[in-house]
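Participant: Starting off with a structure, shown below.
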Amino acid sequence: DDVRGASLDHAMWFHRPFRADEWVLYDCESPSASNARGLATGRFFAQDGRLIATVVQEGLLRIIEPGATRP
């Protein structure tokens, strides 16, 4: 209850056709986090190793101060 989060920006790129009902590996990392903002990147791979999609998201987390008005 004391933390508020928001997605600041996000994008998804599809590189080639794939079947959503087949095995997919999702590899993700967070290369940067500072000043209440974080960046996450992810890659989706088909079972044969082909890169099928890339995702990026920037998020914000803030602690709500005691006594602050909440919407």
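Residues in the structure tokens are numbered from 1 in each chain, the chains being A, B, ... in the order shown, and ligands are numbered from 1 in the order shown.
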So that I can see what lies close to A:Ser34, please list as number ranges by chain the residues with an atom at most 12 Å from it, counting only C-alpha atoms and leaving out residues fewer than 2 positions away in the same chain.

Facilitator: A: 30-32, 36-39, 58-62

Participant: Using only N, CA, C and O atoms, please write the residues we just selected to a file, as a PDB file, in the first residue's frame.

Facilitator:
```pdb
ATOM      1  N   SER A  30      17.393  -6.448 -16.519  1.00  0.00           N
ATOM      2  CA  SER A  30      17.175  -5.052 -16.170  1.00  0.00           C
ATOM      3  C   SER A  30      18.529  -4.353 -16.182  1.00  0.00           C
ATOM      4  O   SER A  30      19.262  -4.400 -15.189  1.00  0.00           O
ATOM      5  N   PRO A  31      18.878  -3.724 -17.312  1.00  0.00           N
ATOM      6  CA  PRO A  31      20.203  -3.132 -17.429  1.00  0.00           C
ATOM      7  C   PRO A  31      20.409  -1.846 -16.636  1.00  0.00           C
ATOM      8  O   PRO A  31      21.535  -1.411 -16.443  1.00  0.00           O
ATOM      9  N   SER A  32      19.311  -1.230 -16.168  1.00  0.00           N
ATOM     10  CA  SER A  32      19.470   0.027 -15.442  1.00  0.00           C
ATOM     11  C   SER A  32      18.310   0.255 -14.486  1.00  0.00           C
ATOM     12  O   SER A  32      17.158  -0.007 -14.830  1.00  0.00           O
ATOM     13  N   ALA A  36      14.297   5.979  -8.889  1.00  0.00           N
ATOM     14  CA  ALA A  36      12.928   5.460  -8.897  1.00  0.00           C
ATOM     15  C   ALA A  36      12.483   4.945 -10.269  1.00  0.00           C
ATOM     16  O   ALA A  36      11.331   4.599 -10.450  1.00  0.00           O
ATOM     17  N   ARG A  37      13.383   4.903 -11.245  1.00  0.00           N
ATOM     18  CA  ARG A  37      13.036   4.420 -12.584  1.00  0.00           C
ATOM     19  C   ARG A  37      13.847   3.175 -12.909  1.00  0.00           C
ATOM     20  O   ARG A  37      14.994   3.051 -12.522  1.00  0.00           O
ATOM     21  N   GLY A  38      13.219   2.263 -13.634  1.00  0.00           N
ATOM     22  CA  GLY A  38      13.905   1.044 -14.031  1.00  0.00           C
ATOM     23  C   GLY A  38      13.634   0.718 -15.488  1.00  0.00           C
ATOM     24  O   GLY A  38      12.572   1.046 -16.020  1.00  0.00           O
ATOM     25  N   LEU A  39      14.591   0.097 -16.129  1.00  0.00           N
ATOM     26  CA  LEU A  39      14.460  -0.313 -17.521  1.00  0.00           C
ATOM     27  C   LEU A  39      14.552  -1.824 -17.581  1.00  0.00           C
ATOM     28  O   LEU A  39      15.455  -2.420 -16.981  1.00  0.00           O
ATOM     29  N   GLU A  58       9.977   0.767 -19.528  1.00  0.00           N
ATOM     30  CA  GLU A  58      10.520   1.636 -18.483  1.00  0.00           C
ATOM     31  C   GLU A  58       9.430   1.830 -17.444  1.00  0.00           C
ATOM     32  O   GLU A  58       8.278   2.120 -17.781  1.00  0.00           O
ATOM     33  N   GLY A  59       9.786   1.636 -16.184  1.00  0.00           N
ATOM     34  CA  GLY A  59       8.811   1.753 -15.113  1.00  0.00           C
ATOM     35  C   GLY A  59       9.259   2.723 -14.034  1.00  0.00           C
ATOM     36  O   GLY A  59      10.441   3.072 -13.931  1.00  0.00           O
ATOM     37  N   LEU A  60       8.304   3.142 -13.233  1.00  0.00           N
ATOM     38  CA  LEU A  60       8.541   4.085 -12.148  1.00  0.00           C
ATOM     39  C   LEU A  60       7.949   3.507 -10.871  1.00  0.00           C
ATOM     40  O   LEU A  60       6.818   3.022 -10.875  1.00  0.00           O
ATOM     41  N   LEU A  61       8.696   3.527  -9.779  1.00  0.00           N
ATOM     42  CA  LEU A  61       8.206   3.124  -8.463  1.00  0.00           C
ATOM     43  C   LEU A  61       8.474   4.248  -7.476  1.00  0.00           C
ATOM     44  O   LEU A  61       9.596   4.743  -7.383  1.00  0.00           O
ATOM     45  N   ARG A  62       7.453   4.626  -6.751  1.00  0.00           N
ATOM     46  CA  ARG A  62       7.606   5.678  -5.746  1.00  0.00           C
ATOM     47  C   ARG A  62       6.978   5.249  -4.444  1.00  0.00           C
ATOM     48  O   ARG A  62       5.917   4.631  -4.420  1.00  0.00           O
TER      49      ARG A  62
END
```

Participant: Under the rule that only C-alpha atoms are counted, which of A:Val55, A:Ile64, A:Met12, A:Ala6 is the nearest residue to A:Asp27?

Facilitator: A:Val55

Participant: Would you kindly return, as a PyMOL selection string, each protein, DNA or RNA residue with an atom no farther than 12 Å from any atom of stretch 41-51 of chain A, considering only C-alpha atoms and excluding same-chain residues fewer than 5 positions away?

Facilitator: chain A and resi 9-32+56-59

Participant: Given the selection you just returned, output its residues as a file containing N, CA and C atoms, formatted as a PDB file, in the first residue's frame.

Facilitator:
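This went into again.pdb:
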```pdb
ATOM      1  N   ASP A   9       6.884   3.859 -20.349  1.00  0.00           N
ATOM      2  CA  ASP A   9       6.993   3.647 -21.777  1.00  0.00           C
ATOM      3  C   ASP A   9       7.213   2.163 -22.017  1.00  0.00           C
ATOM      4  N   HIS A  10       6.676   1.646 -23.089  1.00  0.00           N
ATOM      5  CA  HIS A  10       6.892   0.249 -23.417  1.00  0.00           C
ATOM      6  C   HIS A  10       6.725   0.048 -24.925  1.00  0.00           C
ATOM      7  N   ALA A  11       7.401  -0.959 -25.437  1.00  0.00           N
ATOM      8  CA  ALA A  11       7.329  -1.261 -26.870  1.00  0.00           C
ATOM      9  C   ALA A  11       7.567  -2.748 -27.076  1.00  0.00           C
ATOM     10  N   MET A  12       7.027  -3.263 -28.190  1.00  0.00           N
ATOM     11  CA  MET A  12       7.197  -4.667 -28.548  1.00  0.00           C
ATOM     12  C   MET A  12       7.414  -4.754 -30.049  1.00  0.00           C
ATOM     13  N   TRP A  13       8.447  -5.475 -30.443  1.00  0.00           N
ATOM     14  CA  TRP A  13       8.757  -5.654 -31.861  1.00  0.00           C
ATOM     15  C   TRP A  13       8.675  -7.131 -32.198  1.00  0.00           C
ATOM     16  N   PHE A  14       7.924  -7.490 -33.228  1.00  0.00           N
ATOM     17  CA  PHE A  14       7.843  -8.863 -33.716  1.00  0.00           C
ATOM     18  C   PHE A  14       8.755  -8.971 -34.933  1.00  0.00           C
ATOM     19  N   HIS A  15       9.745  -9.858 -34.870  1.00  0.00           N
ATOM     20  CA  HIS A  15      10.754  -9.948 -35.920  1.00  0.00           C
ATOM     21  C   HIS A  15      10.398 -10.944 -37.015  1.00  0.00           C
ATOM     22  N   ARG A  16       9.646 -11.966 -36.689  1.00  0.00           N
ATOM     23  CA  ARG A  16       9.269 -12.961 -37.695  1.00  0.00           C
ATOM     24  C   ARG A  16       8.049 -13.725 -37.193  1.00  0.00           C
ATOM     25  N   PRO A  17       7.324 -14.379 -38.084  1.00  0.00           N
ATOM     26  CA  PRO A  17       6.135 -15.138 -37.660  1.00  0.00           C
ATOM     27  C   PRO A  17       6.507 -16.271 -36.702  1.00  0.00           C
ATOM     28  N   PHE A  18       5.587 -16.600 -35.805  1.00  0.00           N
ATOM     29  CA  PHE A  18       5.783 -17.711 -34.871  1.00  0.00           C
ATOM     30  C   PHE A  18       4.423 -18.220 -34.423  1.00  0.00           C
ATOM     31  N   ARG A  19       4.406 -19.381 -33.818  1.00  0.00           N
ATOM     32  CA  ARG A  19       3.178 -19.962 -33.289  1.00  0.00           C
ATOM     33  C   ARG A  19       3.157 -19.783 -31.772  1.00  0.00           C
ATOM     34  N   ALA A  20       2.097 -19.190 -31.269  1.00  0.00           N
ATOM     35  CA  ALA A  20       1.986 -18.935 -29.839  1.00  0.00           C
ATOM     36  C   ALA A  20       1.693 -20.214 -29.051  1.00  0.00           C
ATOM     37  N   ASP A  21       1.292 -21.284 -29.729  1.00  0.00           N
ATOM     38  CA  ASP A  21       0.998 -22.533 -29.026  1.00  0.00           C
ATOM     39  C   ASP A  21       2.206 -23.480 -29.003  1.00  0.00           C
ATOM     40  N   GLU A  22       3.374 -22.993 -29.395  1.00  0.00           N
ATOM     41  CA  GLU A  22       4.600 -23.778 -29.333  1.00  0.00           C
ATOM     42  C   GLU A  22       5.508 -23.225 -28.235  1.00  0.00           C
ATOM     43  N   TRP A  23       6.516 -23.992 -27.865  1.00  0.00           N
ATOM     44  CA  TRP A  23       7.466 -23.631 -26.831  1.00  0.00           C
ATOM     45  C   TRP A  23       8.167 -22.321 -27.197  1.00  0.00           C
ATOM     46  N   VAL A  24       8.264 -21.391 -26.247  1.00  0.00           N
ATOM     47  CA  VAL A  24       8.953 -20.105 -26.438  1.00  0.00           C
ATOM     48  C   VAL A  24       9.778 -19.827 -25.180  1.00  0.00           C
ATOM     49  N   LEU A  25      11.025 -19.396 -25.373  1.00  0.00           N
ATOM     50  CA  LEU A  25      11.881 -19.007 -24.249  1.00  0.00           C
ATOM     51  C   LEU A  25      11.843 -17.490 -24.115  1.00  0.00           C
ATOM     52  N   TYR A  26      11.615 -17.002 -22.896  1.00  0.00           N
ATOM     53  CA  TYR A  26      11.652 -15.569 -22.625  1.00  0.00           C
ATOM     54  C   TYR A  26      12.887 -15.275 -21.780  1.00  0.00           C
ATOM     55  N   ASP A  27      13.777 -14.455 -22.299  1.00  0.00           N
ATOM     56  CA  ASP A  27      15.014 -14.061 -21.609  1.00  0.00           C
ATOM     57  C   ASP A  27      14.893 -12.581 -21.278  1.00  0.00           C
ATOM     58  N   CYS A  28      15.024 -12.224 -19.994  1.00  0.00           N
ATOM     59  CA  CYS A  28      14.862 -10.810 -19.630  1.00  0.00           C
ATOM     60  C   CYS A  28      15.991 -10.355 -18.714  1.00  0.00           C
ATOM     61  N   GLU A  29      16.215  -9.048 -18.724  1.00  0.00           N
ATOM     62  CA  GLU A  29      17.206  -8.443 -17.834  1.00  0.00           C
ATOM     63  C   GLU A  29      16.806  -7.002 -17.555  1.00  0.00           C
ATOM     64  N   SER A  30      17.393  -6.448 -16.519  1.00  0.00           N
ATOM     65  CA  SER A  30      17.175  -5.052 -16.170  1.00  0.00           C
ATOM     66  C   SER A  30      18.529  -4.353 -16.182  1.00  0.00           C
ATOM     67  N   PRO A  31      18.878  -3.724 -17.312  1.00  0.00           N
ATOM     68  CA  PRO A  31      20.203  -3.132 -17.429  1.00  0.00           C
ATOM     69  C   PRO A  31      20.409  -1.846 -16.636  1.00  0.00           C
ATOM     70  N   SER A  32      19.311  -1.230 -16.168  1.00  0.00           N
ATOM     71  CA  SER A  32      19.470   0.027 -15.442  1.00  0.00           C
ATOM     72  C   SER A  32      18.310   0.255 -14.486  1.00  0.00           C
ATOM     73  N   VAL A  56      10.676  -3.940 -24.525  1.00  0.00           N
ATOM     74  CA  VAL A  56      11.373  -2.989 -23.652  1.00  0.00           C
ATOM     75  C   VAL A  56      10.315  -2.253 -22.838  1.00  0.00           C
ATOM     76  N   GLN A  57      10.582  -2.052 -21.554  1.00  0.00           N
ATOM     77  CA  GLN A  57       9.657  -1.304 -20.711  1.00  0.00           C
ATOM     78  C   GLN A  57      10.426  -0.464 -19.708  1.00  0.00           C
ATOM     79  N   GLU A  58       9.977   0.767 -19.528  1.00  0.00           N
ATOM     80  CA  GLU A  58      10.520   1.636 -18.483  1.00  0.00           C
ATOM     81  C   GLU A  58       9.430   1.830 -17.444  1.00  0.00           C
ATOM     82  N   GLY A  59       9.786   1.636 -16.184  1.00  0.00           N
ATOM     83  CA  GLY A  59       8.811   1.753 -15.113  1.00  0.00           C
ATOM     84  C   GLY A  59       9.259   2.723 -14.034  1.00  0.00           C
TER      85      GLY A  59
END
```

Participant: Give me the residues near A:Ile63 as a CSV table (one decimal) with N, CA, C and O atoms, in the first residue's frame, where near means some atom within 8 Å (using only C-alpha atoms) and where sequence neighbours in that chain fewer than 5 positions away do not count.

Facilitator:
```csv
chain,number,residue,atom,x,y,z
A,2,ASP,N,2.1,1.1,0.3
A,2,ASP,CA,3.0,2.3,0.4
A,2,ASP,C,3.8,2.6,-0.8
A,2,ASP,O,4.6,3.5,-0.8
A,3,VAL,N,3.6,1.8,-1.9
A,3,VAL,CA,4.4,2.0,-3.1
A,3,VAL,C,3.4,2.1,-4.3
A,3,VAL,O,2.4,1.4,-4.4
A,4,ARG,N,3.7,3.1,-5.1
A,4,ARG,CA,2.9,3.4,-6.3
A,4,ARG,C,3.8,3.1,-7.5
A,4,ARG,O,5.0,3.6,-7.6
```

Participant: Could you give me, as number ranges by chain, each residue of stretch 18-63 of chain A that DSSP assigns to strand (DSSP E) when run on this structure's backbone?

Facilitator: A: 24-34, 37-46, 51-63
